[in-house]
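Asker: One structure, as structure tokens, below. Some questions next.
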Amino acid sequence: MHPPHLCKVFIMQFREIGVVGTGLVGLGWAVVFARTGLNVRMYDCEAPVLAAAHGRLSKMLEEMEQHELIEDPTVVLGRIAVAKSLGEAVGDADYVQESVFERVDVKHGISRDIGTLIRNDAVVGSSSSGIPASAFTADIPNRERFLIAHPVNPPHLIPLVELVPSPWTDPAIAPALRVWFKATGQSPIVVNREIEGFVLNRLQGALLNEAWALYDEGIASIDDIDRCVSDGLGLRWSFMGPFETIDLNAPGGIVDYAARLGPLYHALANSRHAPQSWSPELIARVTAERRASQPEGALLERMNWRDRELMTLARHRLAR
Ligand SMILES: NC(=O)c1ccc[n+]([C@@H]2O[C@H](COP(=O)([O-])OP(=O)(O)OC[C@H]3O[C@@H](n4cnc5c(N)ncnc54)[C@H](O)[C@@H]3O)[C@@H](O)[C@H]2O)c1
């Protein structure tokens, strides 16, 4: 493994970025890189999606300017080019961020193509939400240059990135990429070894599975369960994690908290020995209750509302 200072020099020279897949997540990544001054070339196999990308980016950047998160949308947009082919997007790239569909076959196909087209000193991060890189890079060219760089949606407004190397990823890459992502304004973590769902979605999954189960058992309504997070736990979680939370929630810190409430949490964990899948019937019930307050036609506007809330929060965090 390289000493950290060498990793820093090596990685901080990144200038050219390829973004593959320009859906929800790919566009957010393009903003992440371009706002820090890097040149981005983006590619999507769906021509209409790619053709619409600049227009969508322009709207995102204007809203960011209104929230004082960037200074000049035109300058940022000017750093983002549309590539006519995958080769044009990744051939000269120092770093490639892949954000195509979450399917092993699709990830495998695009990674094989990217592996063939990149320079052998480039690095490729996949936005995969839970499929580890070893599931789709085992037999591809330059496989030691690939790892997971999993963001939270949308990546330009939520900074966390999980870096998850495969068993064959060059061991120098994850620590060096961690330094580089920090310099781009993201908040990287390194997951020491592959595990399905990585850390973030395992945490999210624990909460989500419990929420479905509580609703299924008739314990509370969808809105009331949601408000336990939006008006409760989530307020603390927007600036500190579960370990720090419990350290501050008992006079004697973690030890004290564990003594007071450890048995309760153990009992709760024991009460969920037979997890149920989200059945079609349960999904239909949850959807019906949610649609009563949020009709399907209003979801896009609600997503925009979410992003504006996130921009206000991002602005607040910048000012701290
Ligand atoms: N949406 C989220 O909340 C979220 C959060 C974190 C990570 N992710 C991950 O990011 C990735 C992308 O998710 P998304 O939500 O942006 O999906 P999306 O459907 O919005 O976008 C995917 C894009 O990839 C393109 N694409 C598919 N195959 C391709 C190929 N072979 N070559 C080029 N382009 C191709 C599609 O045309 C589409 O525009 C997935 O791995 C997903 O799990 C999603």
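By convention in this document, the chains of the structure tokens carry letters A, B, ... by their order, each chain's residues are numbered from 1, and ligands are numbered from 1 in the order they are shown.
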Give me, as an MDAnalysis selection string, all polymer residues having an atom no more than 10 Å from region 264-272 of chain A, counting only C-alpha atoms and skipping those fewer than 4 positions away in the same chain.

Answerer: chainID A and resid 209:210 213 258:260 276

Asker: Store the residues of this selection in a file with all heavy atoms, as a CSV table (one decimal), in the first residue's frame.

Answerer:
chain,number,residue,atom,x,y,z
A,209,ASN,N,-37.4,-2.1,7.3
A,209,ASN,CA,-38.1,-3.4,7.6
A,209,ASN,C,-39.0,-3.3,8.9
A,209,ASN,O,-40.1,-3.8,8.9
A,209,ASN,CB,-37.1,-4.5,7.7
A,209,ASN,CG,-36.6,-5.0,6.4
A,209,ASN,OD1,-37.3,-5.0,5.4
A,209,ASN,ND2,-35.3,-5.2,6.3
A,210,GLU,N,-38.5,-2.6,9.9
A,210,GLU,CA,-39.2,-2.4,11.1
A,210,GLU,C,-40.5,-1.6,10.8
A,210,GLU,O,-41.6,-1.9,11.3
A,210,GLU,CB,-38.4,-1.8,12.2
A,210,GLU,CG,-39.0,-1.7,13.5
A,210,GLU,CD,-39.4,-3.0,14.2
A,210,GLU,OE1,-38.8,-4.0,13.9
A,210,GLU,OE2,-40.4,-3.0,15.0
A,213,ALA,N,-43.1,-3.7,9.1
A,213,ALA,CA,-43.6,-4.7,10.1
A,213,ALA,C,-44.6,-4.0,11.0
A,213,ALA,O,-45.7,-4.5,11.3
A,213,ALA,CB,-42.5,-5.3,10.8
A,258,ALA,N,-26.1,1.8,27.7
A,258,ALA,CA,-26.2,0.4,27.5
A,258,ALA,C,-26.8,-0.3,28.7
A,258,ALA,O,-27.6,-1.3,28.6
A,258,ALA,CB,-24.8,-0.2,27.1
A,259,ALA,N,-26.4,0.2,29.9
A,259,ALA,CA,-26.9,-0.4,31.1
A,259,ALA,C,-28.4,-0.2,31.3
A,259,ALA,O,-29.2,-1.1,31.7
A,259,ALA,CB,-26.2,0.1,32.4
A,260,ARG,N,-28.8,1.0,30.9
A,260,ARG,CA,-30.3,1.4,31.1
A,260,ARG,C,-31.1,0.7,30.0
A,260,ARG,O,-32.2,0.2,30.3
A,260,ARG,CB,-30.4,2.9,31.0
A,260,ARG,CG,-29.8,3.7,32.1
A,260,ARG,CD,-29.9,5.2,31.8
A,260,ARG,NE,-29.1,5.9,32.7
A,260,ARG,CZ,-29.6,7.0,33.4
A,260,ARG,NH1,-30.8,7.4,33.1
A,260,ARG,NH2,-28.8,7.7,34.2
A,276,GLN,N,-40.5,-10.9,7.5
A,276,GLN,CA,-41.4,-11.2,6.4
A,276,GLN,C,-41.0,-10.4,5.1
A,276,GLN,O,-40.5,-9.3,5.3
A,276,GLN,CB,-42.8,-10.8,6.8
A,276,GLN,CG,-43.4,-11.4,8.0
A,276,GLN,CD,-43.5,-12.9,7.9
A,276,GLN,OE1,-44.1,-13.4,6.9
A,276,GLN,NE2,-42.9,-13.7,8.8

Asker: Would you pick out the contacts of Leu318 (chain A) at 12 Å or less, using only C-alpha atoms, so that residues sharing its chain but fewer than 2 positions from it are not included, and give the list as a PyMOL selection string?

Answerer: chain A and resi 67-70+157+159+185+311-316+320

Asker: Please return as a PyMOL selection string the residues found within 9 Å of ligand 1, counting only C-alpha atoms and all ligand atoms.

Answerer: chain A and resi 20-28+43-50+86+98-103+106-107+109-111+113+126-131+149-155

Asker: Return the single residue from A:Gly218, A:Cys228, A:Ala52, A:Ala133 that is closest to Glu196 (chain A), with distances computed using only C-alpha atoms.

Answerer: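 Ranked by minimum distance to Glu196 (chain A), first place goes to A:Ala133.
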
Asker: Hey, which bits of region 14-132 of chain A sit within 10 Å of region 178-182 of chain A, and for each residue what's the closest pair of atoms and how far apart in Å (one decimal), counting only C-alpha atoms, rows by chain and increasing number, as JSON lines?

Answerer:
{"residue": "A:Phe14", "atom": "CA", "partner": "A:Trp180", "partner_atom": "CA", "distance": 8.5}
{"residue": "A:Val32", "atom": "CA", "partner": "A:Phe181", "partner_atom": "CA", "distance": 9.8}
{"residue": "A:Phe33", "atom": "CA", "partner": "A:Phe181", "partner_atom": "CA", "distance": 9.5}

Asker: Take the residues just selected and output them with C-alpha atoms as an mmCIF file, in the first residue's frame.

Answerer:
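The new file part09.cif reads:
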data_model
loop_
_atom_site.group_PDB
_atom_site.id
_atom_site.type_symbol
_atom_site.label_atom_id
_atom_site.label_comp_id
_atom_site.auth_asym_id
_atom_site.auth_seq_id
_atom_site.Cartn_x
_atom_site.Cartn_y
_atom_site.Cartn_z
ATOM 1 C CA PHE A 14 -7.613 13.894 -11.218
ATOM 2 C CA VAL A 32 -20.551 17.178 -7.684
ATOM 3 C CA PHE A 33 -17.519 17.016 -9.948
#

Asker: One decimal, Å: what's the distance from CA of Ala81 (chain A) over to CA of Pro175 (chain A), could you say?

Answerer: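 Taking CA of Ala81 (chain A) as the start and CA of Pro175 (chain A) as the end point, the length is 28.9 Å.
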
Asker: Of the residues A:His54, A:Arg145, A:Arg79, A:Arg227, which is the one nearest to Arg119 (chain A), using only C-alpha atoms?

Answerer: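 Result for the nearest residue to Arg119 (chain A): A:Arg145.
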
Asker: If we count only C-alpha atoms and set the cut-off at 12 Å, which residues sit around Asn304 (chain A), ignoring sequence neighbours fewer than 5 positions away in its own chain? Please answer as a ChimeraX atom specification.

Answerer: /A:59-60,63,154,298-299,309-311

Asker: What would the file look like if the residues just selected were written as a tab-separated table (two decimals), in the first residue's frame with N, CA and C atoms?

Answerer:
chain	number	residue	atom	x	y	z
A	59	LYS	N	-31.50	23.39	-14.75
A	59	LYS	CA	-32.54	23.66	-13.75
A	59	LYS	C	-32.00	23.38	-12.32
A	60	MET	N	-31.29	22.24	-12.20
A	60	MET	CA	-30.74	21.90	-10.88
A	60	MET	C	-29.77	22.99	-10.40
A	63	GLU	N	-31.42	26.27	-9.27
A	63	GLU	CA	-31.99	26.17	-7.92
A	63	GLU	C	-30.88	26.20	-6.86
A	154	PRO	N	-30.01	12.82	-3.58
A	154	PRO	CA	-29.14	13.14	-4.71
A	154	PRO	C	-27.72	13.49	-4.24
A	298	ALA	N	-48.63	13.91	-7.86
A	298	ALA	CA	-47.97	14.97	-7.09
A	298	ALA	C	-46.55	14.57	-6.66
A	299	LEU	N	-46.13	13.35	-7.05
A	299	LEU	CA	-44.84	12.86	-6.53
A	299	LEU	C	-43.65	13.64	-7.05
A	309	GLU	N	-35.77	21.32	0.27
A	309	GLU	CA	-35.51	21.17	1.70
A	309	GLU	C	-34.05	20.79	1.94
A	310	LEU	N	-33.54	19.89	1.10
A	310	LEU	CA	-32.14	19.47	1.24
A	310	LEU	C	-31.19	20.63	0.95
A	311	MET	N	-31.57	21.48	-0.02
A	311	MET	CA	-30.71	22.64	-0.33
A	311	MET	C	-30.67	23.60	0.85

Asker: Measuring between only C-alpha atoms, which one of A:Gly197, A:Gln66, A:Val286, A:Asn249 shows the shortest distance to Ala220 (chain A)?

Answerer: A:Val286

Asker: Using the chain letters and numbers from this document, which residues of region 102-310 of chain A does DSSP assign to alpha helix (DSSP H), as a PyMOL selection string?

Answerer: chain A and resi 104-117+134-137+173-183+200-216+222-228+234-237+242-247+253-270+280-293+299-310

Asker: With only C-alpha atoms as the basis for distance, which of A:Ser134, A:Gln13, A:Ser58, A:Gln204 is at the shortest distance from Val229 (chain A)?

Answerer: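 Closest to Val229 (chain A) of all the choices is A:Gln204.
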
Asker: Mind checking DSSP for region 11-227 of chain A and telling me the strand (DSSP E or B) residues as a PyMOL selection string?

Answerer: chain A and resi 16-20+39-43+80-82+95-98+123-126+146-151+160-165+187-190

Asker: Store the residues picked out above, limited to N, CA and C atoms, as a JSON list (two decimals), in the first residue's frame.

Answerer:
[["chain", "number", "residue", "atom", "x", "y", "z"],
["A", 16, "GLU", "N", -10.03, 14.93, -15.26],
["A", 16, "GLU", "CA", -11.05, 14.56, -16.25],
["A", 16, "GLU", "C", -11.92, 13.45, -15.68],
["A", 17, "ILE", "N", -13.23, 13.68, -15.69],
["A", 17, "ILE", "CA", -14.16, 12.73, -15.09],
["A", 17, "ILE", "C", -15.16, 12.23, -16.13],
["A", 18, "GLY", "N", -15.38, 10.92, -16.16],
["A", 18, "GLY", "CA", -16.42, 10.35, -17.01],
["A", 18, "GLY", "C", -17.62, 9.97, -16.14],
["A", 19, "VAL", "N", -18.80, 10.36, -16.57],
["A", 19, "VAL", "CA", -20.02, 9.98, -15.85],
["A", 19, "VAL", "C", -20.84, 9.11, -16.79],
["A", 20, "VAL", "N", -21.10, 7.87, -16.39],
["A", 20, "VAL", "CA", -21.82, 6.92, -17.26],
["A", 20, "VAL", "C", -23.17, 6.60, -16.63],
["A", 39, "ASN", "N", -13.49, 18.67, -15.13],
["A", 39, "ASN", "CA", -14.18, 18.55, -16.42],
["A", 39, "ASN", "C", -14.92, 17.22, -16.47],
["A", 40, "VAL", "N", -16.17, 17.27, -16.87],
["A", 40, "VAL", "CA", -17.01, 16.06, -16.88],
["A", 40, "VAL", "C", -17.47, 15.77, -18.30],
["A", 41, "ARG", "N", -17.34, 14.49, -18.67],
["A", 41, "ARG", "CA", -17.99, 14.04, -19.92],
["A", 41, "ARG", "C", -18.99, 12.97, -19.54],
["A", 42, "MET", "N", -20.24, 13.17, -19.95],
["A", 42, "MET", "CA", -21.27, 12.22, -19.51],
["A", 42, "MET", "C", -21.86, 11.48, -20.70],
["A", 43, "TYR", "N", -22.25, 10.23, -20.41],
["A", 43, "TYR", "CA", -22.80, 9.37, -21.47],
["A", 43, "TYR", "C", -23.95, 8.54, -20.91],
["A", 80, "ILE", "N", -19.42, 20.64, -18.12],
["A", 80, "ILE", "CA", -20.05, 19.33, -18.34],
["A", 80, "ILE", "C", -20.38, 19.15, -19.82],
["A", 81, "ALA", "N", -19.71, 18.21, -20.45],
["A", 81, "ALA", "CA", -19.94, 17.97, -21.88],
["A", 81, "ALA", "C", -20.70, 16.66, -22.07],
["A", 82, "VAL", "N", -21.45, 16.61, -23.17],
["A", 82, "VAL", "CA", -22.15, 15.37, -23.54],
["A", 82, "VAL", "C", -21.24, 14.59, -24.48],
["A", 95, "TYR", "N", -11.00, 9.50, -13.65],
["A", 95, "TYR", "CA", -11.95, 8.82, -12.78],
["A", 95, "TYR", "C", -13.28, 8.69, -13.52],
["A", 96, "VAL", "N", -13.89, 7.51, -13.40],
["A", 96, "VAL", "CA", -15.20, 7.26, -14.02],
["A", 96, "VAL", "C", -16.19, 6.91, -12.92],
["A", 97, "GLN", "N", -17.37, 7.56, -12.96],
["A", 97, "GLN", "CA", -18.44, 7.21, -12.03],
["A", 97, "GLN", "C", -19.56, 6.56, -12.83],
["A", 98, "GLU", "N", -19.78, 5.28, -12.58],
["A", 98, "GLU", "CA", -20.83, 4.53, -13.31],
["A", 98, "GLU", "C", -22.12, 4.54, -12.49],
["A", 123, "VAL", "N", -9.45, 5.17, -12.45],
["A", 123, "VAL", "CA", -10.19, 4.49, -11.39],
["A", 123, "VAL", "C", -11.68, 4.56, -11.74],
["A", 124, "VAL", "N", -12.41, 3.47, -11.47],
["A", 124, "VAL", "CA", -13.84, 3.42, -11.79],
["A", 124, "VAL", "C", -14.62, 3.14, -10.51],
["A", 125, "GLY", "N", -15.53, 4.05, -10.16],
["A", 125, "GLY", "CA", -16.42, 3.84, -9.01],
["A", 125, "GLY", "C", -17.82, 3.55, -9.51],
["A", 126, "SER", "N", -18.46, 2.53, -8.94],
["A", 126, "SER", "CA", -19.85, 2.23, -9.30],
["A", 126, "SER", "C", -20.78, 2.75, -8.22],
["A", 146, "PHE", "N", -11.45, -1.09, -10.29],
["A", 146, "PHE", "CA", -12.88, -0.90, -10.00],
["A", 146, "PHE", "C", -13.19, -1.07, -8.51],
["A", 147, "LEU", "N", -14.10, -0.28, -8.02],
["A", 147, "LEU", "CA", -14.66, -0.45, -6.67],
["A", 147, "LEU", "C", -16.05, 0.18, -6.63],
["A", 148, "ILE", "N", -16.73, 0.05, -5.52],
["A", 148, "ILE", "CA", -18.01, 0.73, -5.35],
["A", 148, "ILE", "C", -17.75, 2.12, -4.77],
["A", 149, "ALA", "N", -18.45, 3.13, -5.34],
["A", 149, "ALA", "CA", -18.50, 4.47, -4.73],
["A", 149, "ALA", "C", -19.98, 4.80, -4.65],
["A", 150, "HIS", "N", -20.61, 4.34, -3.60],
["A", 150, "HIS", "CA", -22.08, 4.42, -3.46],
["A", 150, "HIS", "C", -22.50, 5.73, -2.81],
["A", 151, "PRO", "N", -23.28, 6.54, -3.55],
["A", 151, "PRO", "CA", -23.72, 7.82, -2.98],
["A", 151, "PRO", "C", -25.10, 7.69, -2.33],
["A", 160, "LEU", "N", -22.59, 11.89, 1.67],
["A", 160, "LEU", "CA", -21.95, 10.61, 1.99],
["A", 160, "LEU", "C", -21.66, 9.74, 0.76],
["A", 161, "VAL", "N", -20.47, 9.14, 0.75],
["A", 161, "VAL", "CA", -20.10, 8.17, -0.30],
["A", 161, "VAL", "C", -19.47, 6.97, 0.39],
["A", 162, "GLU", "N", -19.99, 5.77, 0.08],
["A", 162, "GLU", "CA", -19.39, 4.54, 0.64],
["A", 162, "GLU", "C", -18.41, 3.98, -0.38],
["A", 163, "LEU", "N", -17.16, 3.85, 0.01],
["A", 163, "LEU", "CA", -16.16, 3.24, -0.87],
["A", 163, "LEU", "C", -15.99, 1.79, -0.43],
["A", 164, "VAL", "N", -16.26, 0.88, -1.38],
["A", 164, "VAL", "CA", -16.22, -0.54, -1.03],
["A", 164, "VAL", "C", -15.35, -1.27, -2.05],
["A", 165, "PRO", "N", -14.11, -1.57, -1.70],
["A", 165, "PRO", "CA", -13.26, -2.29, -2.65],
["A", 165, "PRO", "C", -13.67, -3.76, -2.76],
["A", 187, "SER", "N", -18.47, 13.32, 1.65],
["A", 187, "SER", "CA", -18.08, 12.78, 2.95],
["A", 187, "SER", "C", -17.91, 11.26, 2.80],
["A", 188, "PRO", "N", -16.69, 10.83, 2.42],
["A", 188, "PRO", "CA", -16.49, 9.40, 2.13],
["A", 188, "PRO", "C", -16.28, 8.56, 3.39],
["A", 189, "ILE", "N", -16.74, 7.31, 3.32],
["A", 189, "ILE", "CA", -16.35, 6.32, 4.32],
["A", 189, "ILE", "C", -15.78, 5.12, 3.57],
["A", 190, "VAL", "N", -14.94, 4.34, 4.24],
["A", 190, "VAL", "CA", -14.42, 3.12, 3.60],
["A", 190, "VAL", "C", -15.04, 1.92, 4.30]]

Asker: May I ask which of the residues A:Pro263, A:Gly55, A:Gly115, A:Pro251 is the closest one to Ala93 (chain A), counting only C-alpha atoms?

Answerer: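 Closest residue, counting only C-alpha atoms: A:Gly115.
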
Asker: Quick one: everything within 9 Å of Thr36 (chain A), counting only C-alpha atoms, minus sequence neighbours fewer than 6 positions away in the same chain. Send it as JSON, numbers by chain.

Answerer: {"A": [76, 183, 184, 185]}

Asker: Report as a short mmCIF file (atom, residue, chain, number, x, y, z; two decimals) with all heavy atoms, in the first residue's frame all protein, DNA and RNA residues lying within 10 Å of Asn120 (chain A), evaluated on only C-alpha atoms, omitting residues in the same chain fewer than 5 positions from it.

Answerer:
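Written output follows (result28.cif):
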data_model
loop_
_atom_site.label_atom_id
_atom_site.label_comp_id
_atom_site.auth_asym_id
_atom_site.auth_seq_id
_atom_site.Cartn_x
_atom_site.Cartn_y
_atom_site.Cartn_z
N ASP A 94 -9.64 10.35 -15.83
CA ASP A 94 -8.85 9.91 -14.69
C ASP A 94 -9.72 9.10 -13.74
O ASP A 94 -9.26 8.17 -13.10
CB ASP A 94 -8.33 11.13 -13.91
CG ASP A 94 -7.51 12.05 -14.78
OD1 ASP A 94 -6.54 11.57 -15.38
OD2 ASP A 94 -7.85 13.25 -14.88
N GLY A 115 -13.95 -1.14 -18.70
CA GLY A 115 -12.62 -1.71 -18.43
C GLY A 115 -11.77 -1.82 -19.68
O GLY A 115 -10.54 -1.69 -19.64
N PRO A 141 -11.52 -6.58 -17.95
CA PRO A 141 -10.19 -5.97 -18.02
C PRO A 141 -10.03 -4.88 -16.96
O PRO A 141 -11.01 -4.21 -16.63
CB PRO A 141 -10.17 -5.33 -19.42
CG PRO A 141 -11.33 -5.87 -20.17
CD PRO A 141 -12.33 -6.36 -19.17
N ASN A 142 -8.84 -4.72 -16.45
CA ASN A 142 -8.53 -3.68 -15.45
C ASN A 142 -9.37 -3.81 -14.17
O ASN A 142 -9.70 -2.81 -13.53
CB ASN A 142 -8.72 -2.27 -16.04
CG ASN A 142 -7.60 -1.91 -16.99
OD1 ASN A 142 -6.41 -2.06 -16.66
ND2 ASN A 142 -7.95 -1.44 -18.18
N ARG A 143 -9.73 -5.03 -13.79
CA ARG A 143 -10.67 -5.19 -12.66
C ARG A 143 -10.11 -4.63 -11.35
O ARG A 143 -10.87 -4.26 -10.45
CB ARG A 143 -11.04 -6.67 -12.49
CG ARG A 143 -9.89 -7.55 -12.02
CD ARG A 143 -10.36 -8.97 -11.79
NE ARG A 143 -9.36 -9.73 -11.04
CZ ARG A 143 -9.57 -10.87 -10.44
NH1 ARG A 143 -10.76 -11.44 -10.51
NH2 ARG A 143 -8.62 -11.48 -9.76
N GLU A 144 -8.79 -4.53 -11.25
CA GLU A 144 -8.20 -3.99 -10.01
C GLU A 144 -8.41 -2.47 -9.88
O GLU A 144 -8.13 -1.89 -8.85
CB GLU A 144 -6.70 -4.34 -9.93
CG GLU A 144 -5.78 -3.67 -10.92
CD GLU A 144 -5.88 -4.23 -12.35
OE1 GLU A 144 -6.62 -5.22 -12.56
OE2 GLU A 144 -5.24 -3.66 -13.26
N ARG A 145 -8.92 -1.84 -10.93
CA ARG A 145 -9.16 -0.39 -10.91
C ARG A 145 -10.61 -0.06 -10.50
O ARG A 145 -10.97 1.11 -10.42
CB ARG A 145 -8.88 0.26 -12.29
CG ARG A 145 -7.57 -0.12 -12.93
CD ARG A 145 -6.37 0.23 -12.09
NE ARG A 145 -6.25 1.64 -11.82
CZ ARG A 145 -5.39 2.16 -10.94
NH1 ARG A 145 -4.57 1.38 -10.25
NH2 ARG A 145 -5.35 3.46 -10.74
#

Asker: One number please: CA of Ile225 (chain A) to CA of Glu244 (chain A), in Å, one decimal.

Answerer: 23.2 Å

Asker: Using only C-alpha atoms, which of A:Ser166, A:Thr116, A:Asn192, A:Ser230 sits nearest Phe136 (chain A)?

Answerer: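 Using only C-alpha atoms, the shortest distance to Phe136 (chain A) belongs to A:Ser166.
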